[in-house]
$ cat data_13.pdb   # PDB, C-alpha atoms
ATOM      1  CA  MET A 114       9.029 195.980-196.675  1.00  0.00           C
ATOM      2  CA  SER A 115       8.689 199.606-195.554  1.00  0.00           C
ATOM      3  CA  TYR A 116       7.210 202.173-197.885  1.00  0.00           C
ATOM      4  CA  LEU A 117      10.556 203.955-198.275  1.00  0.00           C
ATOM      5  CA  ALA A 118      12.258 200.679-199.291  1.00  0.00           C
ATOM      6  CA  PHE A 119       9.466 199.984-201.771  1.00  0.00           C
ATOM      7  CA  LYS A 120       9.735 203.560-203.022  1.00  0.00           C
ATOM      8  CA  ARG A 121      13.444 203.187-203.792  1.00  0.00           C
ATOM      9  CA  ALA A 122      12.825 199.948-205.747  1.00  0.00           C
ATOM     10  CA  ALA A 123       9.960 201.563-207.649  1.00  0.00           C
ATOM     11  CA  ASP A 124      12.093 204.642-208.389  1.00  0.00           C
ATOM     12  CA  PHE A 125      14.799 202.472-209.944  1.00  0.00           C
ATOM     13  CA  VAL A 126      12.423 200.555-212.215  1.00  0.00           C
ATOM     14  CA  LEU A 127      10.381 203.594-213.240  1.00  0.00           C
ATOM     15  CA  ALA A 128      13.515 205.664-213.930  1.00  0.00           C
ATOM     16  CA  ILE A 129      14.767 203.030-216.392  1.00  0.00           C
ATOM     17  CA  LEU A 130      11.382 202.886-218.132  1.00  0.00           C
ATOM     18  CA  ALA A 131      11.125 206.680-218.273  1.00  0.00           C
ATOM     19  CA  LEU A 132      14.633 207.072-219.717  1.00  0.00           C
ATOM     20  CA  VAL A 133      13.837 204.558-222.455  1.00  0.00           C
ATOM     21  CA  LEU A 134      10.432 206.074-223.296  1.00  0.00           C
ATOM     22  CA  LEU A 135      11.703 209.656-223.183  1.00  0.00           C
ATOM     23  CA  SER A 136      14.921 209.043-225.119  1.00  0.00           C
ATOM     24  CA  PRO A 137      13.433 210.677-228.277  1.00  0.00           C
ATOM     25  CA  VAL A 138      12.648 213.798-226.214  1.00  0.00           C
ATOM     26  CA  PHE A 139      16.225 213.861-224.905  1.00  0.00           C
ATOM     27  CA  LEU A 140      17.561 213.660-228.466  1.00  0.00           C
ATOM     28  CA  VAL A 141      15.326 216.477-229.753  1.00  0.00           C
ATOM     29  CA  VAL A 142      16.151 218.765-226.822  1.00  0.00           C
ATOM     30  CA  ALA A 143      19.870 218.021-227.151  1.00  0.00           C
ATOM     31  CA  LEU A 144      19.739 218.955-230.844  1.00  0.00           C
ATOM     32  CA  LEU A 145      17.830 222.182-230.133  1.00  0.00           C
ATOM     33  CA  LEU A 146      20.300 223.240-227.470  1.00  0.00           C
ATOM     34  CA  LYS A 147      23.263 222.465-229.693  1.00  0.00           C
ATOM     35  CA  LEU A 148      21.798 224.558-232.513  1.00  0.00           C
ATOM     36  CA  THR A 149      20.351 227.493-230.556  1.00  0.00           C
ATOM     37  CA  GLY A 150      22.208 227.689-227.261  1.00  0.00           C
ATOM     38  CA  ASP A 151      25.821 227.980-226.172  1.00  0.00           C
ATOM     39  CA  GLY A 152      26.562 224.455-227.345  1.00  0.00           C
ATOM     40  CA  GLU A 153      25.956 222.974-223.902  1.00  0.00           C
ATOM     41  CA  VAL A 154      23.329 220.249-223.518  1.00  0.00           C
ATOM     42  CA  PHE A 155      23.557 219.348-219.834  1.00  0.00           C
ATOM     43  CA  TYR A 156      24.322 221.309-216.709  1.00  0.00           C
ATOM     44  CA  ARG A 157      25.375 219.709-213.412  1.00  0.00           C
ATOM     45  CA  GLN A 158      24.927 221.746-210.279  1.00  0.00           C
ATOM     46  CA  PRO A 159      25.951 220.910-206.678  1.00  0.00           C
ATOM     47  CA  ARG A 160      22.905 220.257-204.494  1.00  0.00           C
ATOM     48  CA  VAL A 161      22.272 219.023-200.968  1.00  0.00           C
ATOM     49  CA  GLY A 162      20.415 215.734-200.705  1.00  0.00           C
ATOM     50  CA  TYR A 163      19.913 212.533-198.750  1.00  0.00           C
ATOM     51  CA  ARG A 164      21.267 212.798-195.203  1.00  0.00           C
ATOM     52  CA  SER A 165      22.615 216.248-196.109  1.00  0.00           C
ATOM     53  CA  GLY A 166      25.217 214.860-198.513  1.00  0.00           C
ATOM     54  CA  THR A 167      26.072 216.781-201.668  1.00  0.00           C
ATOM     55  CA  PHE A 168      25.685 215.503-205.218  1.00  0.00           C
ATOM     56  CA  LYS A 169      25.658 216.859-208.767  1.00  0.00           C
ATOM     57  CA  MET A 170      22.105 217.325-210.057  1.00  0.00           C
ATOM     58  CA  TRP A 171      21.506 216.979-213.800  1.00  0.00           C
ATOM     59  CA  LYS A 172      19.533 219.519-215.841  1.00  0.00           C
ATOM     60  CA  PHE A 173      19.283 220.549-219.447  1.00  0.00           C
ATOM     61  CA  ALA A 174      21.339 223.718-219.955  1.00  0.00           C
ATOM     62  CA  THR A 175      18.760 226.510-220.149  1.00  0.00           C
ATOM     63  CA  MET A 176      20.973 229.496-219.324  1.00  0.00           C
ATOM     64  CA  VAL A 177      24.108 231.038-220.770  1.00  0.00           C
ATOM     65  CA  LYS A 178      27.471 229.720-219.683  1.00  0.00           C
ATOM     66  CA  ASP A 179      28.825 231.017-216.380  1.00  0.00           C
ATOM     67  CA  SER A 180      25.322 232.230-215.415  1.00  0.00           C
ATOM     68  CA  PRO A 181      25.956 231.622-211.641  1.00  0.00           C
ATOM     69  CA  ASN A 182      28.517 234.433-211.798  1.00  0.00           C
ATOM     70  CA  ILE A 183      26.321 236.871-213.754  1.00  0.00           C
ATOM     71  CA  GLY A 184      23.380 239.074-212.741  1.00  0.00           C
ATOM     72  CA  ALA A 185      21.215 237.504-210.012  1.00  0.00           C
ATOM     73  CA  ARG A 186      23.784 234.702-209.726  1.00  0.00           C
ATOM     74  CA  ASP A 187      22.111 231.624-208.187  1.00  0.00           C
ATOM     75  CA  LEU A 188      18.581 233.063-208.523  1.00  0.00           C
ATOM     76  CA  CYS A 189      16.547 233.032-211.716  1.00  0.00           C
ATOM     77  CA  ILE A 190      14.060 235.901-211.766  1.00  0.00           C
ATOM     78  CA  GLU A 191      11.160 236.702-214.084  1.00  0.00           C
ATOM     79  CA  GLY A 192      12.426 237.765-217.523  1.00  0.00           C
ATOM     80  CA  ASP A 193      15.999 236.825-216.622  1.00  0.00           C
ATOM     81  CA  PRO A 194      18.149 237.727-219.683  1.00  0.00           C
ATOM     82  CA  ARG A 195      20.513 234.825-218.958  1.00  0.00           C
ATOM     83  CA  VAL A 196      17.862 232.284-219.965  1.00  0.00           C
ATOM     84  CA  LEU A 197      18.284 231.000-223.514  1.00  0.00           C
ATOM     85  CA  PRO A 198      15.308 231.228-225.952  1.00  0.00           C
ATOM     86  CA  VAL A 199      14.743 227.469-225.955  1.00  0.00           C
ATOM     87  CA  GLY A 200      15.525 227.447-222.258  1.00  0.00           C
ATOM     88  CA  ARG A 201      12.421 229.522-221.456  1.00  0.00           C
ATOM     89  CA  TRP A 202      10.202 226.858-222.978  1.00  0.00           C
ATOM     90  CA  LEU A 203      12.131 224.049-221.293  1.00  0.00           C
ATOM     91  CA  ARG A 204      11.788 225.717-217.903  1.00  0.00           C
ATOM     92  CA  LYS A 205       8.096 226.516-218.356  1.00  0.00           C
ATOM     93  CA  THR A 206       7.262 222.917-219.274  1.00  0.00           C
ATOM     94  CA  LYS A 207       9.717 221.522-216.676  1.00  0.00           C
ATOM     95  CA  ILE A 208      11.378 219.458-219.402  1.00  0.00           C
ATOM     96  CA  ASN A 209      14.688 220.923-218.203  1.00  0.00           C
ATOM     97  CA  GLU A 210      14.319 218.744-215.091  1.00  0.00           C
ATOM     98  CA  LEU A 211      14.042 215.415-216.960  1.00  0.00           C
ATOM     99  CA  PRO A 212      17.796 214.615-216.822  1.00  0.00           C
ATOM    100  CA  GLN A 213      17.316 214.148-213.075  1.00  0.00           C
ATOM    101  CA  LEU A 214      16.013 210.714-213.991  1.00  0.00           C
ATOM    102  CA  LEU A 215      19.732 209.859-213.982  1.00  0.00           C
ATOM    103  CA  ASN A 216      19.981 211.024-210.360  1.00  0.00           C
ATOM    104  CA  ILE A 217      16.972 208.858-209.522  1.00  0.00           C
ATOM    105  CA  LEU A 218      18.572 205.866-211.209  1.00  0.00           C
ATOM    106  CA  THR A 219      21.732 206.227-209.122  1.00  0.00           C
ATOM    107  CA  GLY A 220      19.793 206.639-205.874  1.00  0.00           C
ATOM    108  CA  GLU A 221      20.634 210.293-205.267  1.00  0.00           C
ATOM    109  CA  MET A 222      17.022 211.349-205.795  1.00  0.00           C
ATOM    110  CA  SER A 223      13.474 210.011-205.847  1.00  0.00           C
ATOM    111  CA  PHE A 224      10.501 210.903-208.030  1.00  0.00           C
ATOM    112  CA  VAL A 225       8.869 212.687-205.072  1.00  0.00           C
ATOM    113  CA  GLY A 226      10.572 214.321-202.119  1.00  0.00           C
ATOM    114  CA  PRO A 227      11.907 217.651-200.853  1.00  0.00           C
ATOM    115  CA  ARG A 228      13.510 219.532-203.709  1.00  0.00           C
ATOM    116  CA  PRO A 229      17.328 219.561-203.396  1.00  0.00           C
ATOM    117  CA  LEU A 230      18.671 222.986-202.507  1.00  0.00           C
ATOM    118  CA  MET A 231      21.965 224.567-203.441  1.00  0.00           C
ATOM    119  CA  PRO A 232      24.403 224.556-200.494  1.00  0.00           C
ATOM    120  CA  VAL A 233      24.117 228.331-199.986  1.00  0.00           C
ATOM    121  CA  SER A 234      20.332 228.059-199.617  1.00  0.00           C
ATOM    122  CA  TYR A 235      20.522 224.945-197.455  1.00  0.00           C
ATOM    123  CA  HIS A 236      22.846 226.637-194.958  1.00  0.00           C
ATOM    124  CA  ALA A 237      20.483 229.639-194.801  1.00  0.00           C
ATOM    125  CA  LEU A 238      17.754 227.416-193.297  1.00  0.00           C
ATOM    126  CA  GLU A 239      17.202 227.086-189.569  1.00  0.00           C
ATOM    127  CA  PRO A 240      19.390 224.328-188.013  1.00  0.00           C
ATOM    128  CA  PHE A 241      16.367 222.160-187.136  1.00  0.00           C
ATOM    129  CA  THR A 242      15.164 222.264-190.747  1.00  0.00           C
ATOM    130  CA  GLN A 243      18.636 221.418-192.017  1.00  0.00           C
ATOM    131  CA  GLU A 244      18.766 218.370-189.758  1.00  0.00           C
ATOM    132  CA  ARG A 245      15.354 217.029-190.755  1.00  0.00           C
ATOM    133  CA  ILE A 246      14.597 218.000-194.332  1.00  0.00           C
ATOM    134  CA  TYR A 247      16.742 215.369-196.079  1.00  0.00           C
ATOM    135  CA  MET A 248      16.137 212.345-193.901  1.00  0.00           C
ATOM    136  CA  ILE A 249      14.512 211.013-197.066  1.00  0.00           C
ATOM    137  CA  ARG A 250      15.791 211.354-200.642  1.00  0.00           C
ATOM    138  CA  PRO A 251      15.086 214.643-202.433  1.00  0.00           C
ATOM    139  CA  GLY A 252      12.642 214.539-205.309  1.00  0.00           C
ATOM    140  CA  LEU A 253      12.215 215.384-208.960  1.00  0.00           C
ATOM    141  CA  THR A 254       9.036 217.033-207.750  1.00  0.00           C
ATOM    142  CA  GLY A 255       7.604 217.757-204.334  1.00  0.00           C
ATOM    143  CA  ILE A 256       5.189 219.810-202.302  1.00  0.00           C
ATOM    144  CA  GLY A 257       7.523 222.806-202.541  1.00  0.00           C
ATOM    145  CA  SER A 258       7.719 222.504-206.333  1.00  0.00           C
ATOM    146  CA  ILE A 259       3.938 222.647-206.621  1.00  0.00           C
ATOM    147  CA  PHE A 260       3.378 225.583-204.288  1.00  0.00           C
ATOM    148  CA  PHE A 261       6.285 227.547-205.736  1.00  0.00           C
ATOM    149  CA  ARG A 262       5.700 226.671-209.380  1.00  0.00           C
ATOM    150  CA  ASP A 263       5.660 230.440-210.044  1.00  0.00           C
ATOM    151  CA  GLU A 264       8.615 231.233-207.792  1.00  0.00           C
ATOM    152  CA  ASN A 265      10.142 233.650-210.312  1.00  0.00           C
ATOM    153  CA  GLU A 266       6.912 235.655-210.465  1.00  0.00           C
ATOM    154  CA  ILE A 267       6.516 235.634-206.674  1.00  0.00           C
ATOM    155  CA  ILE A 268       9.998 237.084-206.280  1.00  0.00           C
ATOM    156  CA  ALA A 269       9.363 239.650-209.032  1.00  0.00           C
ATOM    157  CA  ARG A 270       6.112 240.819-207.353  1.00  0.00           C
ATOM    158  CA  SER A 271       7.749 241.256-203.971  1.00  0.00           C
ATOM    159  CA  SER A 272       8.395 244.728-202.586  1.00  0.00           C
ATOM    160  CA  LEU A 273      11.706 243.336-201.361  1.00  0.00           C
ATOM    161  CA  GLY A 274      14.724 242.808-203.574  1.00  0.00           C
ATOM    162  CA  PRO A 275      15.081 239.395-205.308  1.00  0.00           C
ATOM    163  CA  ARG A 276      17.628 238.059-202.825  1.00  0.00           C
ATOM    164  CA  GLU A 277      15.719 239.360-199.787  1.00  0.00           C
ATOM    165  CA  ALA A 278      12.403 237.965-201.086  1.00  0.00           C
ATOM    166  CA  TYR A 279      13.951 234.553-201.588  1.00  0.00           C
ATOM    167  CA  ASP A 280      15.951 234.386-198.336  1.00  0.00           C
ATOM    168  CA  GLN A 281      13.371 235.949-196.026  1.00  0.00           C
ATOM    169  CA  VAL A 282      10.082 234.628-197.451  1.00  0.00           C
ATOM    170  CA  VAL A 283      10.358 231.920-200.092  1.00  0.00           C
ATOM    171  CA  LEU A 284      13.132 229.791-198.583  1.00  0.00           C
ATOM    172  CA  PRO A 285      11.723 229.600-195.013  1.00  0.00           C
ATOM    173  CA  HIS A 286       8.276 228.707-196.371  1.00  0.00           C
ATOM    174  CA  LYS A 287       9.801 226.041-198.599  1.00  0.00           C
ATOM    175  CA  GLY A 288      11.486 224.587-195.547  1.00  0.00           C
ATOM    176  CA  ARG A 289       8.183 224.372-193.664  1.00  0.00           C
ATOM    177  CA  LEU A 290       6.456 222.711-196.600  1.00  0.00           C
ATOM    178  CA  GLU A 291       9.215 220.134-197.042  1.00  0.00           C
ATOM    179  CA  LEU A 292       9.232 219.325-193.328  1.00  0.00           C
ATOM    180  CA  TRP A 293       5.484 218.765-193.524  1.00  0.00           C
ATOM    181  CA  TYR A 294       5.997 216.373-196.444  1.00  0.00           C
ATOM    182  CA  GLN A 295       8.752 214.499-194.639  1.00  0.00           C
ATOM    183  CA  GLU A 296       6.449 213.931-191.674  1.00  0.00           C
ATOM    184  CA  HIS A 297       3.485 212.773-193.785  1.00  0.00           C
ATOM    185  CA  VAL A 298       5.174 210.817-196.598  1.00  0.00           C
ATOM    186  CA  SER A 299       3.013 207.993-197.939  1.00  0.00           C
ATOM    187  CA  PHE A 300       2.142 206.311-201.212  1.00  0.00           C
ATOM    188  CA  TRP A 301      -1.115 208.261-201.557  1.00  0.00           C
ATOM    189  CA  LEU A 302       0.557 211.583-200.803  1.00  0.00           C
ATOM    190  CA  ASP A 303       3.257 210.882-203.385  1.00  0.00           C
ATOM    191  CA  LEU A 304       0.621 209.930-205.956  1.00  0.00           C
ATOM    192  CA  LYS A 305      -1.330 213.128-205.258  1.00  0.00           C
ATOM    193  CA  ILE A 306       1.845 215.224-205.673  1.00  0.00           C
ATOM    194  CA  ILE A 307       2.709 213.535-208.990  1.00  0.00           C
ATOM    195  CA  LEU A 308      -0.793 214.118-210.365  1.00  0.00           C
ATOM    196  CA  LEU A 309      -0.856 217.725-209.174  1.00  0.00           C
ATOM    197  CA  THR A 310       2.580 218.359-210.674  1.00  0.00           C
ATOM    198  CA  ALA A 311       1.278 217.274-214.078  1.00  0.00           C
ATOM    199  CA  TRP A 312      -1.853 219.384-213.534  1.00  0.00           C
ATOM    200  CA  VAL A 313      -0.036 222.643-212.737  1.00  0.00           C
ATOM    201  CA  VAL A 314       2.309 222.212-215.708  1.00  0.00           C
ATOM    202  CA  VAL A 315      -0.757 222.225-217.982  1.00  0.00           C
ATOM    203  CA  PHE A 316      -2.792 224.664-215.880  1.00  0.00           C
ATOM    204  CA  PRO A 317      -0.231 226.846-214.050  1.00  0.00           C
ATOM    205  CA  ASN A 318      -2.827 229.269-212.664  1.00  0.00           C
ATOM    206  CA  SER A 319      -5.087 226.592-211.233  1.00  0.00           C
ATOM    207  CA  SER A 320      -6.199 226.875-207.602  1.00  0.00           C
ATOM    208  CA  LEU A 321      -6.652 223.097-207.344  1.00  0.00           C
ATOM    209  CA  VAL A 322      -3.375 222.819-205.421  1.00  0.00           C
ATOM    210  CA  PHE A 323      -4.717 224.872-202.528  1.00  0.00           C
ATOM    211  CA  LYS A 324      -7.936 222.858-202.522  1.00  0.00           C
ATOM    212  CA  ALA A 325      -5.939 219.605-202.417  1.00  0.00           C
ATOM    213  CA  PHE A 326      -3.876 220.829-199.434  1.00  0.00           C
ATOM    214  CA  PRO A 327      -6.247 223.221-197.629  1.00  0.00           C
ATOM    215  CA  THR A 328      -4.389 223.136-194.302  1.00  0.00           C
ATOM    216  CA  LEU A 329      -1.042 224.252-195.692  1.00  0.00           C
ATOM    217  CA  PRO A 330      -0.388 228.013-195.531  1.00  0.00           C
ATOM    218  CA  ARG A 331       0.078 230.088-198.636  1.00  0.00           C
ATOM    219  CA  CYS A 332       3.179 232.190-199.128  1.00  0.00           C
ATOM    220  CA  ASN A 333       2.396 235.881-198.753  1.00  0.00           C
ATOM    221  CA  VAL A 334       5.097 237.935-200.441  1.00  0.00           C
TER     222      VAL A 334
END

$ encode --input "data_13.pdb" --output "C-alpha cells"
Amino acid sequence: MSYLAFKRAADFVLAILALVLLSPVFLVVALLLKLTGDGEVFYRQPRVGYRSGTFKMWKFATMVKDSPNIGARDLCIEGDPRVLPVGRWLRKTKINELPQLLNILTGEMSFVGPRPLMPVSYHALEPFTQERIYMIRPGLTGIGSIFFRDENEIIARSSLGPREAYDQVVLPHKGRLELWYQEHVSFWLDLKIILLTAWVVVFPNSSLVFKAFPTLPRCNV
C-alpha cells in the first residue's frame, strides 16, 4: 500500500474518532454562536481541492452574514470589524476549522496537505502551480498554514494595500511552500506538521517553525 492510500484510510478513521471526541466542543461552540452571533453556526465556502475540483469547505461562522460582499471581501485583515466577538477567539485558536473534519470524512480533504484556496486566489497562481498544487488532497493544516499563521498581521504590516500584499507576496509564497510539501510528502513530514501546528497555536510567536524547516524561505513583506 502506498503512503497516500494509507493516509486516506487513516484520515477516515481518525476523522470519525475526532468527531466523536470533539462533539461536546461542537455543541458548546454552536450554542455560543447561536446566542452571540448572527444565528449562523456553520459557513460553507467554495474552495479548490483534489485534482483542482471545487468543493464546499465547512467552517464555524466567525464573521457577519454576507461578509464576502463587505469591506475587504474575501480577505480577513487584522482587526477586521466583520469578525464576531466569539469568532475572534475561534479564529485565534483555530477551532473555527474543526468542521472540516466533515470534509476529511467525505474524502475532500486530508488532515495534512496544501490548504484549499478560494477559486479567485487559485486562478491568480502561476499555471504550473495550479497544475501541481492539488495532485494530493488539501489539508486541515499544512506547511502554508504554519508559516502564515499570522497572515492577517503580515498583511497589516505591509506597505502595500491588503489586496496587493496578499496577491503579490503572500499568495505566491504560499504556492511555493505547498509545492515543496507536495514534492516531499511523507509520514514523518506530516507528523512534524501536525505537531508544529499544535505548537504554534499555543505559542504563536515561536521561532521553532523556522528551526524545523531551515531551508524554506521566509516571507518578507

$ residues_around --input "data_13.pdb" --residues "Arg289 (chain A)" --least-positions-apart "6" --cutoff "10 Å" --atoms "all atoms listed in the file" --output "list of chain:residue names"
A:Thr242, A:Ile246, A:Gly257, A:Gln295, A:Leu329, A:Pro330

$ write_last_selection --input "data_13.pdb" --atoms "C-alpha atoms" --output "tab-separated table (two decimals), keeping the file's coordinate frame"
chain	number	residue	atom	x	y	z
A	242	THR	CA	15.16	222.26	-190.75
A	246	ILE	CA	14.60	218.00	-194.33
A	257	GLY	CA	7.52	222.81	-202.54
A	295	GLN	CA	8.75	214.50	-194.64
A	329	LEU	CA	-1.04	224.25	-195.69
A	330	PRO	CA	-0.39	228.01	-195.53

$ residues_around --input "data_13.pdb" --residues "Val298 (chain A)" --least-positions-apart "3" --cutoff "9 Å" --atoms "all atoms listed in the file" --output "ChimeraX atom specification"
/A:116-117,226,293-295,301-303

$ resolve_selection --input "data_13.pdb" --expression "the PyMOL selection byres ((chain A and resi 228) around 8)" --output "compact mmCIF listing (two decimals) with C-alpha atoms, in the frame of the given file"
# COMPACT_ATOMS: atom_id res chain seq x y z
CA GLY A 226 10.57 214.32 -202.12
CA PRO A 227 11.91 217.65 -200.85
CA PRO A 229 17.33 219.56 -203.40
CA LEU A 230 18.67 222.99 -202.51
CA PRO A 251 15.09 214.64 -202.43
CA GLY A 252 12.64 214.54 -205.31
CA LEU A 253 12.22 215.38 -208.96
CA THR A 254 9.04 217.03 -207.75
CA GLY A 255 7.60 217.76 -204.33
CA GLY A 257 7.52 222.81 -202.54
CA SER A 258 7.72 222.50 -206.33
CA GLU A 291 9.22 220.13 -197.04

$ atom_distance --input "data_13.pdb" --atom1 "CA of Glu210 (chain A)" --atom2 "CA of Met222 (chain A)"
12.2 Å

$ resolve_selection --input "data_13.pdb" --expression "the PyMOL selection byres ((chain A and resi 151-155) around 6)" --output "list in words"
Ala143, Leu146, Lys147, Gly150, Tyr156, Lys172, Phe173 and Ala174 of chain A

$ atom_distance --input "data_13.pdb" --atom1 "CA of Tyr235 (chain A)" --atom2 "CA of Gly220 (chain A)"
20.2 Å

$ resolve_selection --input "data_13.pdb" --expression "the PyMOL selection byres ((chain A and resi 239) around 12)" --output "PyMOL selection string"
chain A and resi 234-238+240-246+280-281+284-289+292

$ atom_distance --input "data_13.pdb" --atom1 "CA of Leu321 (chain A)" --atom2 "CA of Ala128 (chain A)"
27.5 Å

$ closest_residue --input "data_13.pdb" --among "A:Glu296, A:Glu277, A:Asp124, A:Asp263" --to "Lys207 (chain A)" --atoms "only C-alpha atoms"
A:Asp263

$ closest_residue --input "data_13.pdb" --among "A:Leu144, A:Val161, A:Val315, A:Leu218" --to "Leu127 (chain A)" --atoms "all atoms listed in the file"
A:Leu218

$ closest_residue --input "data_13.pdb" --among "A:Met176, A:Val322, A:Ile256, A:Val282" --to "Ile268 (chain A)" --atoms "all atoms listed in the file"
A:Val282

$ closest_residue --input "data_13.pdb" --among "A:Ile249, A:Val233, A:Gln213, A:Arg195" --to "His297 (chain A)" --atoms "only C-alpha atoms"
A:Ile249

$ residues_around --input "data_13.pdb" --residues "Val196 (chain A)" --least-positions-apart "2" --cutoff "7 Å" --atoms "only C-alpha atoms" --output "JSON, numbers by chain"
{"A": [175, 176, 177, 193, 194, 198, 200, 201]}

$ closest_residue --input "data_13.pdb" --among "A:Ala131, A:Ala122, A:Leu215, A:Met248" --to "Tyr163 (chain A)" --atoms "all atoms listed in the file"
A:Met248

$ decode --input "data_13.pdb" --residues "region 282-304 of chain A" --atoms "N, CA and C atoms" --output "CSV table (one decimal), in the first residue's frame"
chain,number,residue,atom,x,y,z
A,282,VAL,N,2.6,39.0,-2.7
A,282,VAL,CA,3.6,38.5,-1.8
A,282,VAL,C,3.2,37.2,-1.1
A,283,VAL,N,2.0,37.2,-0.4
A,283,VAL,CA,1.6,36.1,0.4
A,283,VAL,C,1.2,34.9,-0.5
A,284,LEU,N,0.4,35.1,-1.5
A,284,LEU,CA,-0.1,34.0,-2.3
A,284,LEU,C,1.0,33.3,-3.1
A,285,PRO,N,1.9,34.0,-3.8
A,285,PRO,CA,2.9,33.3,-4.5
A,285,PRO,C,3.8,32.5,-3.5
A,286,HIS,N,4.1,33.1,-2.3
A,286,HIS,CA,4.9,32.3,-1.4
A,286,HIS,C,4.2,31.1,-0.9
A,287,LYS,N,2.9,31.2,-0.6
A,287,LYS,CA,2.1,30.1,-0.2
A,287,LYS,C,2.2,29.0,-1.3
A,288,GLY,N,2.1,29.4,-2.6
A,288,GLY,CA,2.2,28.4,-3.6
A,288,GLY,C,3.5,27.7,-3.6
A,289,ARG,N,4.6,28.4,-3.4
A,289,ARG,CA,6.0,27.7,-3.4
A,289,ARG,C,6.1,26.8,-2.2
A,290,LEU,N,5.5,27.2,-1.1
A,290,LEU,CA,5.6,26.3,0.1
A,290,LEU,C,4.8,25.0,-0.1
A,291,GLU,N,3.6,25.1,-0.7
A,291,GLU,CA,2.7,24.0,-0.9
A,291,GLU,C,3.3,23.1,-2.0
A,292,LEU,N,4.0,23.6,-3.0
A,292,LEU,CA,4.6,22.8,-4.0
A,292,LEU,C,5.8,22.0,-3.3
A,293,TRP,N,6.5,22.6,-2.4
A,293,TRP,CA,7.6,21.9,-1.7
A,293,TRP,C,7.0,20.8,-0.9
A,294,TYR,N,5.8,21.0,-0.2
A,294,TYR,CA,5.2,19.9,0.5
A,294,TYR,C,4.8,18.8,-0.4
A,295,GLN,N,4.2,19.1,-1.5
A,295,GLN,CA,3.7,18.1,-2.4
A,295,GLN,C,4.8,17.2,-2.9
A,296,GLU,N,6.0,17.8,-3.1
A,296,GLU,CA,7.1,17.0,-3.6
A,296,GLU,C,7.8,16.2,-2.5
A,297,HIS,N,7.6,16.6,-1.2
A,297,HIS,CA,8.3,15.9,-0.1
A,297,HIS,C,7.4,15.1,0.8
A,298,VAL,N,6.1,15.0,0.5
A,298,VAL,CA,5.1,14.4,1.4
A,298,VAL,C,5.6,13.0,1.9
A,299,SER,N,5.5,12.8,3.2
A,299,SER,CA,5.8,11.6,3.8
A,299,SER,C,5.1,11.5,5.2
A,300,PHE,N,5.1,10.3,5.8
A,300,PHE,CA,4.5,10.2,7.1
A,300,PHE,C,5.2,11.1,8.1
A,301,TRP,N,6.6,11.1,8.1
A,301,TRP,CA,7.3,11.9,9.1
A,301,TRP,C,7.1,13.4,8.9
A,302,LEU,N,7.0,13.8,7.7
A,302,LEU,CA,6.7,15.2,7.4
A,302,LEU,C,5.4,15.6,7.9
A,303,ASP,N,4.4,14.8,7.6
A,303,ASP,CA,3.0,15.0,8.1
A,303,ASP,C,3.0,15.1,9.6
A,304,LEU,N,3.7,14.2,10.3
A,304,LEU,CA,3.7,14.2,11.7
A,304,LEU,C,4.3,15.4,12.3
